[in-house]
2 protein chains.
Amino acid sequence: MNKVEQILKILSDKNRLRIYKMLEAKRCCVCEIAYVLQIKQPSVSQHLKKMKDAGLIMSEQEGLWTNYYLTPTSQPYEKILLSVLSEWLGSDEIIQKDIEQIKSVDREMIPKE
Amino acid sequence: MNKVEQILKILSDKNRLRIYKMLEAKRCCVCEIAYVLQIKQPSVSQHLKKMKDAGLIMSEQEGLWTNYYLTPTSQPYEKILLSVLSEWLGSDEIIQKDIEQIKSVDREMIPKE
DNA sequence: CATCCATATAGGCAGTTGCCTATATAATAA
DNA sequence: TTATTATATAGGCAACTGCCTATATGGATG
C-alpha cells in the first residue's frame with residue numbers, strides 16, 4: 001500500500017501532473033519546465049526531486065543542463081495506472097497548452113528572470 | 001485536471017485507501033471503520049466527509065447508523081482508475097486483513113471507547 | 001418529555017507541503 | 001584560474017493535513 005500511496009501523493013499535485021505530461025512529450029531541463037509552469041527554478045527542482053525519489057522520473061546530465069525523462073516502468077499496476085492518468089489528463093486544456101509550449105520552447109532562449 | 005487532482009489527493013492517504021477497500025467489501029457505518037482502522041470516530045467522520053465531497057462515496061441513514069457505500073461511477077476514466085487502484089491494493093496484506101475484519105465485525109458488539 | 005447513542009462539527013496542535021529568496025555546487029568557457 | 005551558467009540545497013513562511021478532545025446534533029426509545 002505504501003507504494004500506491006506514495007505514487008498517488010506525488011501525483012496529487014497540479015504542477016507535478018503537468019510536469020509528468022511534459023516529460024511524456026519530451027525530455028526537459030529544469031528551466032524549460034519552470035518557464036512553462038511559471039514558477040521559480042528551485043520550486044521545479046524540488047518537484048523533480050520528489051518525482052525522482054518516487055522512481056517516476058530519471059535524469060541525465062548534458063553539459064550544464066540536466067535532462068529529465070519518465071522512468072520506463074515495468075511494474076504492471078503502476079504502468080496501467082499511469083497510462084490511465086495520462087489519458088485522462090490528455091483531455092485537459094492546460095495540459096494541452098503545456099505540451100504545445102514545451103515542444104516549441106528553445107532552452108537557449110528562455111529569459112533568465 | 002482539477003478532478004484528477006482531487007481524486008488523487010483524496011486517495012493519497014493510507015486510511016482513506018483502506019476505507020475505500022472496506023466500502024468495496026460492504027456497506028459500513030462509521031464505528032465499524034473506526035474499529036478496524038483503530039482511530040477515533042471523529043477522524044473517520046472527517047475522512048468520510050472528504051471522500052463524500054469528492055463524490056467517491058455516498059451515505060444512507062439507517063436509524064442511528066449512517067451507512068456509507070461507494071458511488072457507482074459512470075465517468076469512464078474515473079472508473080478505470082479506481083478499478084486499477086482497487087486491484088493493486090487487493091494484493092496488500094493490511095488491506096486483506098481489513099476486509100476480513102470488516103466482513104466479520106458486528107456493529108452491535110463494538111466496544112464503545 | 002428526557003435519555004441514550006451514533007455521528008457530525010469545532011477547535012487545537014504538531015507535522016507536512018509548496019512556494020519563495022539566498023546561496024552552494026558543478027560543469028563549461030574565457 | 002576566474003567568471004558564467006544551470007541546477008541543487010538551505011532556510012523561512014503561510015497554508016493545509018490528520019489526528020485528537022470536547023461538544024453539538026438528531027434519531028430512537030422509555
# chains A, B, ... in the order shown; residues from 1 in each chain; ligands from 1

$ residues_around --residues "D:DG18" --least-positions-apart "3" --cutoff "10 Å" --atoms "only C-alpha atoms (C1' of nucleotides)" --output "count of residues only"
6

$ interface_residues --of "chain A" --to "chain B" --cutoff "6 Å" --atoms "only C-alpha atoms" --output "PDB file with N, CA, C and O atoms, in the first residue's frame"
ATOM      1  N   MET A   1       0.836  -1.211   0.000  1.00  0.00           N
ATOM      2  CA  MET A   1       0.000   0.000   0.000  1.00  0.00           C
ATOM      3  C   MET A   1       0.863   1.250   0.000  1.00  0.00           C
ATOM      4  O   MET A   1       0.488   2.262  -0.560  1.00  0.00           O
ATOM      5  N   GLU A   5       0.310   4.516  -2.214  1.00  0.00           N
ATOM      6  CA  GLU A   5       0.130   5.792  -1.521  1.00  0.00           C
ATOM      7  C   GLU A   5       1.175   6.816  -1.976  1.00  0.00           C
ATOM      8  O   GLU A   5       0.842   7.972  -2.236  1.00  0.00           O
ATOM      9  N   LEU A   8       0.411   8.081  -5.512  1.00  0.00           N
ATOM     10  CA  LEU A   8      -0.754   8.951  -5.506  1.00  0.00           C
ATOM     11  C   LEU A   8      -0.411  10.306  -4.890  1.00  0.00           C
ATOM     12  O   LEU A   8      -0.854  11.346  -5.357  1.00  0.00           O
ATOM     13  N   LYS A   9       0.392  10.264  -3.833  1.00  0.00           N
ATOM     14  CA  LYS A   9       0.783  11.507  -3.163  1.00  0.00           C
ATOM     15  C   LYS A   9       1.594  12.386  -4.111  1.00  0.00           C
ATOM     16  O   LYS A   9       1.363  13.588  -4.221  1.00  0.00           O
ATOM     17  N   SER A  12      -0.630  13.868  -6.812  1.00  0.00           N
ATOM     18  CA  SER A  12      -1.819  14.627  -6.413  1.00  0.00           C
ATOM     19  C   SER A  12      -1.496  16.110  -6.293  1.00  0.00           C
ATOM     20  O   SER A  12      -2.025  16.814  -5.444  1.00  0.00           O
ATOM     21  N   ASP A  92      -7.249  17.556 -20.890  1.00  0.00           N
ATOM     22  CA  ASP A  92      -7.252  18.833 -20.166  1.00  0.00           C
ATOM     23  C   ASP A  92      -6.624  19.962 -20.974  1.00  0.00           C
ATOM     24  O   ASP A  92      -5.575  19.793 -21.601  1.00  0.00           O
TER      25      ASP A  92
END

$ closest_residue --among "C:DT9, C:DT28, C:DT23, C:DT3" --to "D:DT25" --atoms "only C-alpha atoms (C1' of nucleotides)"
C:DT9

$ select_by_dssp --residues "stretch 33-96 of chain B" --states "strand (DSSP E)" --output "PDB file with all heavy atoms, in the first residue's frame"
ATOM      1  N   ILE B  57     -17.965   8.516  -2.432  1.00  0.00           N
ATOM      2  CA  ILE B  57     -18.871   7.681  -1.650  1.00  0.00           C
ATOM      3  C   ILE B  57     -20.192   8.407  -1.390  1.00  0.00           C
ATOM      4  O   ILE B  57     -20.299   9.616  -1.590  1.00  0.00           O
ATOM      5  CB  ILE B  57     -18.247   7.272  -0.296  1.00  0.00           C
ATOM      6  CG1 ILE B  57     -17.986   8.504   0.583  1.00  0.00           C
ATOM      7  CG2 ILE B  57     -16.954   6.509  -0.507  1.00  0.00           C
ATOM      8  CD1 ILE B  57     -17.495   8.176   1.972  1.00  0.00           C
ATOM      9  N   MET B  58     -21.163   7.637  -0.951  1.00  0.00           N
ATOM     10  CA  MET B  58     -22.469   8.183  -0.596  1.00  0.00           C
ATOM     11  C   MET B  58     -22.871   7.588   0.743  1.00  0.00           C
ATOM     12  O   MET B  58     -22.219   6.674   1.245  1.00  0.00           O
ATOM     13  CB  MET B  58     -23.491   7.821  -1.659  1.00  0.00           C
ATOM     14  CG  MET B  58     -23.086   8.253  -3.051  1.00  0.00           C
ATOM     15  SD  MET B  58     -24.170   7.615  -4.352  1.00  0.00           S
ATOM     16  CE  MET B  58     -25.649   8.556  -4.040  1.00  0.00           C
ATOM     17  N   SER B  59     -23.963   8.111   1.306  1.00  0.00           N
ATOM     18  CA  SER B  59     -24.395   7.568   2.589  1.00  0.00           C
ATOM     19  C   SER B  59     -25.911   7.471   2.653  1.00  0.00           C
ATOM     20  O   SER B  59     -26.632   8.139   1.912  1.00  0.00           O
ATOM     21  CB  SER B  59     -23.881   8.440   3.735  1.00  0.00           C
ATOM     22  OG  SER B  59     -24.471   9.718   3.663  1.00  0.00           O
ATOM     23  N   GLU B  60     -26.355   6.637   3.553  1.00  0.00           N
ATOM     24  CA  GLU B  60     -27.773   6.389   3.722  1.00  0.00           C
ATOM     25  C   GLU B  60     -28.033   6.164   5.205  1.00  0.00           C
ATOM     26  O   GLU B  60     -27.302   5.415   5.849  1.00  0.00           O
ATOM     27  CB  GLU B  60     -28.153   5.131   2.932  1.00  0.00           C
ATOM     28  CG  GLU B  60     -29.613   5.040   2.594  1.00  0.00           C
ATOM     29  CD  GLU B  60     -29.872   3.783   1.755  1.00  0.00           C
ATOM     30  OE1 GLU B  60     -29.349   2.718   2.132  1.00  0.00           O
ATOM     31  OE2 GLU B  60     -30.583   3.892   0.750  1.00  0.00           O
ATOM     32  N   GLN B  61     -29.034   6.833   5.702  1.00  0.00           N
ATOM     33  CA  GLN B  61     -29.357   6.703   7.125  1.00  0.00           C
ATOM     34  C   GLN B  61     -30.080   5.387   7.378  1.00  0.00           C
ATOM     35  O   GLN B  61     -30.909   4.967   6.580  1.00  0.00           O
ATOM     36  CB  GLN B  61     -30.246   7.879   7.545  1.00  0.00           C
ATOM     37  CG  GLN B  61     -30.134   8.261   9.000  1.00  0.00           C
ATOM     38  CD  GLN B  61     -28.751   8.785   9.364  1.00  0.00           C
ATOM     39  OE1 GLN B  61     -28.027   9.249   8.486  1.00  0.00           O
ATOM     40  NE2 GLN B  61     -28.377   8.674  10.630  1.00  0.00           N
ATOM     41  N   GLU B  62     -29.762   4.752   8.500  1.00  0.00           N
ATOM     42  CA  GLU B  62     -30.479   3.539   8.902  1.00  0.00           C
ATOM     43  C   GLU B  62     -30.622   3.610  10.411  1.00  0.00           C
ATOM     44  O   GLU B  62     -29.773   3.128  11.148  1.00  0.00           O
ATOM     45  CB  GLU B  62     -29.707   2.284   8.486  1.00  0.00           C
ATOM     46  CG  GLU B  62     -30.365   0.989   8.933  1.00  0.00           C
ATOM     47  CD  GLU B  62     -29.453  -0.221   8.772  1.00  0.00           C
ATOM     48  OE1 GLU B  62     -28.423  -0.100   8.062  1.00  0.00           O
ATOM     49  OE2 GLU B  62     -29.743  -1.266   9.378  1.00  0.00           O
ATOM     50  N   TRP B  65     -27.612   4.593  12.715  1.00  0.00           N
ATOM     51  CA  TRP B  65     -26.410   4.376  11.926  1.00  0.00           C
ATOM     52  C   TRP B  65     -26.452   5.103  10.584  1.00  0.00           C
ATOM     53  O   TRP B  65     -27.525   5.290  10.005  1.00  0.00           O
ATOM     54  CB  TRP B  65     -26.210   2.890  11.667  1.00  0.00           C
ATOM     55  CG  TRP B  65     -25.703   2.162  12.865  1.00  0.00           C
ATOM     56  CD1 TRP B  65     -24.437   2.209  13.395  1.00  0.00           C
ATOM     57  CD2 TRP B  65     -26.450   1.290  13.712  1.00  0.00           C
ATOM     58  NE1 TRP B  65     -24.360   1.421  14.513  1.00  0.00           N
ATOM     59  CE2 TRP B  65     -25.572   0.831  14.731  1.00  0.00           C
ATOM     60  CE3 TRP B  65     -27.770   0.823  13.717  1.00  0.00           C
ATOM     61  CZ2 TRP B  65     -25.980  -0.047  15.732  1.00  0.00           C
ATOM     62  CZ3 TRP B  65     -28.170  -0.057  14.717  1.00  0.00           C
ATOM     63  CH2 TRP B  65     -27.276  -0.484  15.720  1.00  0.00           C
ATOM     64  N   THR B  66     -25.279   5.502  10.124  1.00  0.00           N
ATOM     65  CA  THR B  66     -25.162   6.032   8.774  1.00  0.00           C
ATOM     66  C   THR B  66     -24.333   5.042   7.970  1.00  0.00           C
ATOM     67  O   THR B  66     -23.179   4.785   8.314  1.00  0.00           O
ATOM     68  CB  THR B  66     -24.458   7.405   8.770  1.00  0.00           C
ATOM     69  OG1 THR B  66     -25.109   8.260   9.701  1.00  0.00           O
ATOM     70  CG2 THR B  66     -24.508   8.026   7.397  1.00  0.00           C
ATOM     71  N   ASN B  67     -24.923   4.486   6.967  1.00  0.00           N
ATOM     72  CA  ASN B  67     -24.201   3.526   6.140  1.00  0.00           C
ATOM     73  C   ASN B  67     -23.554   4.215   4.948  1.00  0.00           C
ATOM     74  O   ASN B  67     -24.210   4.944   4.211  1.00  0.00           O
ATOM     75  CB  ASN B  67     -25.148   2.433   5.642  1.00  0.00           C
ATOM     76  CG  ASN B  67     -25.600   1.539   6.769  1.00  0.00           C
ATOM     77  OD1 ASN B  67     -24.793   1.128   7.611  1.00  0.00           O
ATOM     78  ND2 ASN B  67     -26.892   1.232   6.810  1.00  0.00           N
ATOM     79  N   TYR B  68     -22.283   3.965   4.794  1.00  0.00           N
ATOM     80  CA  TYR B  68     -21.543   4.551   3.670  1.00  0.00           C
ATOM     81  C   TYR B  68     -21.289   3.473   2.625  1.00  0.00           C
ATOM     82  O   TYR B  68     -21.101   2.299   2.955  1.00  0.00           O
ATOM     83  CB  TYR B  68     -20.229   5.142   4.162  1.00  0.00           C
ATOM     84  CG  TYR B  68     -20.403   6.466   4.875  1.00  0.00           C
ATOM     85  CD1 TYR B  68     -20.646   6.515   6.247  1.00  0.00           C
ATOM     86  CD2 TYR B  68     -20.340   7.656   4.175  1.00  0.00           C
ATOM     87  CE1 TYR B  68     -20.817   7.732   6.903  1.00  0.00           C
ATOM     88  CE2 TYR B  68     -20.510   8.868   4.813  1.00  0.00           C
ATOM     89  CZ  TYR B  68     -20.742   8.901   6.172  1.00  0.00           C
ATOM     90  OH  TYR B  68     -20.910  10.104   6.808  1.00  0.00           O
ATOM     91  N   TYR B  69     -21.288   3.899   1.383  1.00  0.00           N
ATOM     92  CA  TYR B  69     -21.015   2.951   0.293  1.00  0.00           C
ATOM     93  C   TYR B  69     -20.420   3.691  -0.897  1.00  0.00           C
ATOM     94  O   TYR B  69     -20.553   4.912  -1.020  1.00  0.00           O
ATOM     95  CB  TYR B  69     -22.301   2.221  -0.104  1.00  0.00           C
ATOM     96  CG  TYR B  69     -23.440   3.126  -0.495  1.00  0.00           C
ATOM     97  CD1 TYR B  69     -23.709   3.412  -1.838  1.00  0.00           C
ATOM     98  CD2 TYR B  69     -24.248   3.712   0.469  1.00  0.00           C
ATOM     99  CE1 TYR B  69     -24.751   4.235  -2.210  1.00  0.00           C
ATOM    100  CE2 TYR B  69     -25.297   4.560   0.107  1.00  0.00           C
ATOM    101  CZ  TYR B  69     -25.545   4.811  -1.227  1.00  0.00           C
ATOM    102  OH  TYR B  69     -26.573   5.642  -1.580  1.00  0.00           O
ATOM    103  N   LEU B  70     -19.777   2.942  -1.772  1.00  0.00           N
ATOM    104  CA  LEU B  70     -19.114   3.543  -2.927  1.00  0.00           C
ATOM    105  C   LEU B  70     -20.129   4.076  -3.928  1.00  0.00           C
ATOM    106  O   LEU B  70     -21.150   3.439  -4.180  1.00  0.00           O
ATOM    107  CB  LEU B  70     -18.220   2.512  -3.629  1.00  0.00           C
ATOM    108  CG  LEU B  70     -17.058   1.943  -2.818  1.00  0.00           C
ATOM    109  CD1 LEU B  70     -16.194   1.065  -3.722  1.00  0.00           C
ATOM    110  CD2 LEU B  70     -16.225   3.044  -2.187  1.00  0.00           C
TER     111      LEU B  70
END

$ interface_residues --of "chain A" --to "chain D" --cutoff "8 Å" --atoms "only C-alpha atoms (C1' of nucleotides)" --output "mmCIF file with C-alpha atoms, in the first residue's frame"
data_model
loop_
_atom_site.group_PDB
_atom_site.id
_atom_site.type_symbol
_atom_site.label_atom_id
_atom_site.label_comp_id
_atom_site.auth_asym_id
_atom_site.auth_seq_id
_atom_site.Cartn_x
_atom_site.Cartn_y
_atom_site.Cartn_z
ATOM 1 C CA VAL A 30 14.614 22.375 -15.326
ATOM 2 C CA CYS A 31 14.461 25.813 -16.869
ATOM 3 C CA PRO A 42 14.101 25.976 -7.181
ATOM 4 C CA SER A 45 13.913 21.291 -8.786
ATOM 5 C CA LEU A 64 25.161 22.322 -17.806
ATOM 6 C CA TRP A 65 21.688 21.038 -18.425
ATOM 7 C CA THR A 66 20.051 18.185 -16.601
#

$ interface_residues --of "chain C" --to "chain A" --cutoff "8 Å" --atoms "only C-alpha atoms (C1' of nucleotides)" --output "mmCIF file with all heavy atoms, in the first residue's frame"
data_model
loop_
_atom_site.group_PDB
_atom_site.id
_atom_site.type_symbol
_atom_site.label_atom_id
_atom_site.label_comp_id
_atom_site.auth_asym_id
_atom_site.auth_seq_id
_atom_site.Cartn_x
_atom_site.Cartn_y
_atom_site.Cartn_z
ATOM 1 P P DG C 18 3.265 19.417 -2.297
ATOM 2 O OP1 DG C 18 2.151 18.996 -3.157
ATOM 3 O OP2 DG C 18 4.565 18.754 -2.390
ATOM 4 O "O5'" DG C 18 3.495 20.967 -2.519
ATOM 5 C "C5'" DG C 18 2.387 21.830 -2.618
ATOM 6 C "C4'" DG C 18 2.882 23.247 -2.798
ATOM 7 O "O4'" DG C 18 3.473 23.694 -1.558
ATOM 8 C "C3'" DG C 18 3.968 23.397 -3.869
ATOM 9 O "O3'" DG C 18 3.683 24.540 -4.673
ATOM 10 C "C2'" DG C 18 5.253 23.588 -3.074
ATOM 11 C "C1'" DG C 18 4.728 24.272 -1.816
ATOM 12 N N9 DG C 18 5.580 24.070 -0.641
ATOM 13 C C8 DG C 18 6.334 22.969 -0.333
ATOM 14 N N7 DG C 18 7.001 23.077 0.786
ATOM 15 C C5 DG C 18 6.655 24.340 1.252
ATOM 16 C C6 DG C 18 7.059 25.027 2.426
ATOM 17 O O6 DG C 18 7.832 24.652 3.311
ATOM 18 N N1 DG C 18 6.471 26.280 2.513
ATOM 19 C C2 DG C 18 5.592 26.812 1.597
ATOM 20 N N2 DG C 18 5.133 28.031 1.851
ATOM 21 N N3 DG C 18 5.217 26.178 0.489
ATOM 22 C C4 DG C 18 5.779 24.962 0.385
ATOM 23 P P DC C 19 4.467 24.777 -6.018
ATOM 24 O OP1 DC C 19 3.455 24.914 -7.079
ATOM 25 O OP2 DC C 19 5.551 23.790 -6.162
ATOM 26 O "O5'" DC C 19 5.154 26.192 -5.775
ATOM 27 C "C5'" DC C 19 4.348 27.346 -5.604
ATOM 28 C "C4'" DC C 19 4.998 28.300 -4.621
ATOM 29 O "O4'" DC C 19 5.315 27.613 -3.402
ATOM 30 C "C3'" DC C 19 6.346 28.869 -5.041
ATOM 31 O "O3'" DC C 19 6.177 29.974 -5.920
ATOM 32 C "C2'" DC C 19 6.908 29.330 -3.702
ATOM 33 C "C1'" DC C 19 6.256 28.405 -2.698
ATOM 34 N N1 DC C 19 7.224 27.500 -2.017
ATOM 35 C C2 DC C 19 7.786 27.916 -0.804
ATOM 36 O O2 DC C 19 7.459 29.004 -0.340
ATOM 37 N N3 DC C 19 8.664 27.109 -0.172
ATOM 38 C C4 DC C 19 8.994 25.927 -0.699
ATOM 39 N N4 DC C 19 9.859 25.156 -0.045
ATOM 40 C C5 DC C 19 8.440 25.491 -1.941
ATOM 41 C C6 DC C 19 7.566 26.307 -2.557
ATOM 42 P P DA C 27 30.504 18.051 -12.483
ATOM 43 O OP1 DA C 27 29.969 16.682 -12.414
ATOM 44 O OP2 DA C 27 31.884 18.369 -12.024
ATOM 45 O "O5'" DA C 27 30.357 18.571 -13.976
ATOM 46 C "C5'" DA C 27 29.059 18.753 -14.538
ATOM 47 C "C4'" DA C 27 29.097 19.912 -15.496
ATOM 48 O "O4'" DA C 27 29.227 21.152 -14.766
ATOM 49 C "C3'" DA C 27 30.254 19.868 -16.496
ATOM 50 O "O3'" DA C 27 29.751 20.100 -17.788
ATOM 51 C "C2'" DA C 27 31.176 21.004 -16.049
ATOM 52 C "C1'" DA C 27 30.185 21.966 -15.420
ATOM 53 N N9 DA C 27 30.753 22.860 -14.410
ATOM 54 C C8 DA C 27 31.481 22.530 -13.309
ATOM 55 N N7 DA C 27 31.845 23.563 -12.573
ATOM 56 C C5 DA C 27 31.302 24.648 -13.242
ATOM 57 C C6 DA C 27 31.324 26.028 -12.971
ATOM 58 N N6 DA C 27 31.932 26.578 -11.927
ATOM 59 N N1 DA C 27 30.677 26.838 -13.847
ATOM 60 C C2 DA C 27 30.071 26.298 -14.903
ATOM 61 N N3 DA C 27 29.982 25.011 -15.255
ATOM 62 C C4 DA C 27 30.620 24.233 -14.370
ATOM 63 P P DT C 28 30.642 19.778 -19.071
ATOM 64 O OP1 DT C 28 29.784 19.119 -20.069
ATOM 65 O OP2 DT C 28 31.908 19.164 -18.619
ATOM 66 O "O5'" DT C 28 30.994 21.233 -19.624
ATOM 67 C "C5'" DT C 28 29.921 22.041 -20.097
ATOM 68 C "C4'" DT C 28 30.362 23.483 -20.110
ATOM 69 O "O4'" DT C 28 30.873 23.865 -18.827
ATOM 70 C "C3'" DT C 28 31.467 23.809 -21.106
ATOM 71 O "O3'" DT C 28 30.894 24.585 -22.143
ATOM 72 C "C2'" DT C 28 32.524 24.579 -20.301
ATOM 73 C "C1'" DT C 28 31.742 24.956 -19.039
ATOM 74 N N1 DT C 28 32.505 25.159 -17.791
ATOM 75 C C2 DT C 28 32.585 26.430 -17.272
ATOM 76 O O2 DT C 28 32.074 27.403 -17.785
ATOM 77 N N3 DT C 28 33.286 26.526 -16.083
ATOM 78 C C4 DT C 28 33.907 25.502 -15.396
ATOM 79 O O4 DT C 28 34.509 25.732 -14.350
ATOM 80 C C5 DT C 28 33.787 24.198 -15.995
ATOM 81 C C7 DT C 28 34.429 23.028 -15.329
ATOM 82 C C6 DT C 28 33.101 24.089 -17.151
#

$ atom_distance --atom1 "atom CA of B:Gln96" --atom2 "atom CA of B:Ala25"
10.4 Å

$ atom_distance --atom1 "atom CA of B:Lys49" --atom2 "atom CA of B:Ile33"
13.5 Å

$ residues_around --residues "B:Ile110" --least-positions-apart "2" --cutoff "12 Å" --atoms "only C-alpha atoms (C1' of nucleotides)" --output "PyMOL selection string"
(chain B and resi 29-36+38+102+104-108+112-113) or (chain C and resi 6)

$ write_last_selection --atoms "N, CA and C atoms (P, O5', C5', C4', C3', O3' and C1' of nucleotides)" --output "tab-separated table (two decimals), in the first residue's frame"
chain	number	residue	atom	x	y	z
B	29	CYS	N	-20.77	1.36	8.56
B	29	CYS	CA	-21.07	2.54	9.36
B	29	CYS	C	-19.76	3.07	9.92
B	30	VAL	N	-19.83	4.26	10.49
B	30	VAL	CA	-18.63	4.95	10.97
B	30	VAL	C	-17.89	4.15	12.04
B	31	CYS	N	-18.65	3.59	12.95
B	31	CYS	CA	-17.99	2.92	14.08
B	31	CYS	C	-17.29	1.64	13.65
B	32	GLU	N	-17.80	0.98	12.64
B	32	GLU	CA	-17.11	-0.21	12.13
B	32	GLU	C	-15.75	0.16	11.55
B	33	ILE	N	-15.74	1.22	10.79
B	33	ILE	CA	-14.49	1.67	10.17
B	33	ILE	C	-13.49	2.11	11.23
B	34	ALA	N	-14.00	2.86	12.21
B	34	ALA	CA	-13.13	3.32	13.30
B	34	ALA	C	-12.51	2.13	14.02
B	35	TYR	N	-13.31	1.10	14.19
B	35	TYR	CA	-12.84	-0.10	14.88
B	35	TYR	C	-11.70	-0.78	14.11
B	36	VAL	N	-11.87	-0.91	12.81
B	36	VAL	CA	-10.84	-1.57	12.00
B	36	VAL	C	-9.58	-0.71	11.88
B	38	GLN	N	-8.62	1.59	13.84
B	38	GLN	CA	-8.09	1.94	15.17
B	38	GLN	C	-7.77	3.42	15.30
B	102	ILE	N	-13.63	-6.37	8.48
B	102	ILE	CA	-14.86	-5.58	8.29
B	102	ILE	C	-16.03	-6.50	7.94
B	104	SER	N	-16.50	-9.46	9.17
B	104	SER	CA	-16.91	-10.27	10.31
B	104	SER	C	-17.32	-9.45	11.53
B	105	VAL	N	-17.09	-8.14	11.45
B	105	VAL	CA	-17.38	-7.32	12.63
B	105	VAL	C	-18.89	-7.15	12.81
B	106	ASP	N	-19.32	-7.12	14.06
B	106	ASP	CA	-20.73	-6.90	14.37
B	106	ASP	C	-20.87	-5.52	15.01
B	107	ARG	N	-21.56	-4.63	14.31
B	107	ARG	CA	-21.64	-3.23	14.77
B	107	ARG	C	-22.27	-3.09	16.15
B	108	GLU	N	-23.04	-4.07	16.55
B	108	GLU	CA	-23.68	-4.02	17.87
B	108	GLU	C	-22.68	-4.34	18.97
B	112	LYS	N	-17.53	0.52	23.11
B	112	LYS	CA	-17.64	1.98	22.93
B	112	LYS	C	-16.54	2.72	23.68
B	113	GLU	N	-15.41	2.78	23.07
B	113	GLU	CA	-14.22	3.51	23.59
B	113	GLU	C	-13.65	2.81	24.81
C	6	DA	P	-23.96	3.27	19.73
C	6	DA	O5'	-23.93	4.08	18.36
C	6	DA	C5'	-24.92	3.82	17.37
C	6	DA	C4'	-24.81	4.85	16.27
C	6	DA	C3'	-23.40	5.00	15.67
C	6	DA	O3'	-23.51	5.03	14.27
C	6	DA	C1'	-24.17	7.10	16.52

$ atom_distance --atom1 "atom C1' of C:DT16" --atom2 "atom CA of B:Leu56"
24.7 Å

$ decode --residues "stretch 19-30 of chain D" --atoms "N, CA, C and O atoms (P, O5', C5', C4', C3', O3' and C1' of nucleotides)" --output "short mmCIF file (atom, residue, chain, number, x, y, z; two decimals), in the first residue's frame"
data_model
loop_
_atom_site.label_atom_id
_atom_site.label_comp_id
_atom_site.auth_asym_id
_atom_site.auth_seq_id
_atom_site.Cartn_x
_atom_site.Cartn_y
_atom_site.Cartn_z
P DC D 19 -5.70 10.26 10.27
"O5'" DC D 19 -5.81 10.48 11.84
"C5'" DC D 19 -4.69 10.23 12.67
"C4'" DC D 19 -4.64 11.19 13.83
"C3'" DC D 19 -5.82 11.12 14.80
"O3'" DC D 19 -5.65 10.07 15.74
"C1'" DC D 19 -5.09 13.37 14.43
P DC D 20 -6.90 9.58 16.63
"O5'" DC D 20 -6.99 10.72 17.75
"C5'" DC D 20 -5.89 10.94 18.63
"C4'" DC D 20 -6.07 12.25 19.38
"C3'" DC D 20 -7.36 12.33 20.20
"O3'" DC D 20 -7.12 11.91 21.54
"C1'" DC D 20 -7.02 14.34 18.94
P DT D 21 -8.37 11.60 22.45
"O5'" DT D 21 -8.90 13.02 22.90
"C5'" DT D 21 -8.06 13.92 23.64
"C4'" DT D 21 -8.84 15.18 24.00
"C3'" DT D 21 -10.12 14.93 24.79
"O3'" DT D 21 -10.26 15.93 25.81
"C1'" DT D 21 -10.65 16.02 22.76
P DA D 22 -11.50 15.88 26.80
"O5'" DA D 22 -12.52 16.90 26.13
"C5'" DA D 22 -12.07 18.22 25.81
"C4'" DA D 22 -13.22 19.04 25.28
"C3'" DA D 22 -14.55 18.82 25.99
"O3'" DA D 22 -15.22 20.08 26.13
"C1'" DA D 22 -14.82 18.33 23.71
P DT D 23 -16.67 20.17 26.86
"O5'" DT D 23 -17.65 20.26 25.60
"C5'" DT D 23 -17.43 21.29 24.64
"C4'" DT D 23 -18.38 21.09 23.48
"C3'" DT D 23 -19.85 20.94 23.88
"O3'" DT D 23 -20.61 21.83 23.09
"C1'" DT D 23 -19.24 19.29 22.35
P DA D 24 -22.14 22.15 23.43
"O5'" DA D 24 -22.80 21.95 21.99
"C5'" DA D 24 -22.15 22.51 20.85
"C4'" DA D 24 -22.74 21.89 19.58
"C3'" DA D 24 -24.26 21.83 19.56
"O3'" DA D 24 -24.68 22.18 18.26
"C1'" DA D 24 -23.36 19.66 19.27
P DT D 25 -26.25 22.35 18.00
"O5'" DT D 25 -26.65 21.03 17.20
"C5'" DT D 25 -25.91 20.66 16.03
"C4'" DT D 25 -26.42 19.33 15.53
"C3'" DT D 25 -27.94 19.19 15.55
"O3'" DT D 25 -28.35 18.78 14.27
"C1'" DT D 25 -26.90 17.32 16.53
P DG D 26 -29.87 18.98 13.78
"O5'" DG D 26 -30.41 17.50 13.66
"C5'" DG D 26 -29.62 16.48 13.04
"C4'" DG D 26 -30.13 15.13 13.48
"C3'" DG D 26 -31.65 15.08 13.70
"O3'" DG D 26 -32.10 13.80 13.29
"C1'" DG D 26 -30.58 14.37 15.62
P DG D 27 -33.56 13.58 12.65
"O5'" DG D 27 -33.79 12.00 12.76
"C5'" DG D 27 -32.85 11.09 12.27
"C4'" DG D 27 -32.73 9.90 13.19
"C3'" DG D 27 -34.06 9.22 13.55
"O3'" DG D 27 -33.87 7.82 13.47
"C1'" DG D 27 -32.91 9.83 15.53
P DA D 28 -35.13 6.84 13.63
"O5'" DA D 28 -34.95 6.29 15.12
"C5'" DA D 28 -33.78 5.52 15.42
"C4'" DA D 28 -33.86 5.01 16.85
"C3'" DA D 28 -35.19 4.35 17.23
"O3'" DA D 28 -34.88 3.16 17.94
"C1'" DA D 28 -34.70 6.13 18.73
P DT D 29 -36.08 2.21 18.38
"O5'" DT D 29 -36.18 2.54 19.94
"C5'" DT D 29 -34.99 2.52 20.73
"C4'" DT D 29 -35.33 2.97 22.15
"C3'" DT D 29 -36.66 2.43 22.67
"O3'" DT D 29 -36.49 1.97 23.99
"C1'" DT D 29 -36.57 4.74 22.97
P DG D 30 -37.57 0.98 24.65
"O5'" DG D 30 -37.78 1.63 26.08
"C5'" DG D 30 -36.65 1.96 26.89
"C4'" DG D 30 -37.02 2.99 27.94
"C3'" DG D 30 -38.31 2.65 28.71
"O3'" DG D 30 -38.15 3.02 30.07
"C1'" DG D 30 -38.53 4.77 27.67
#
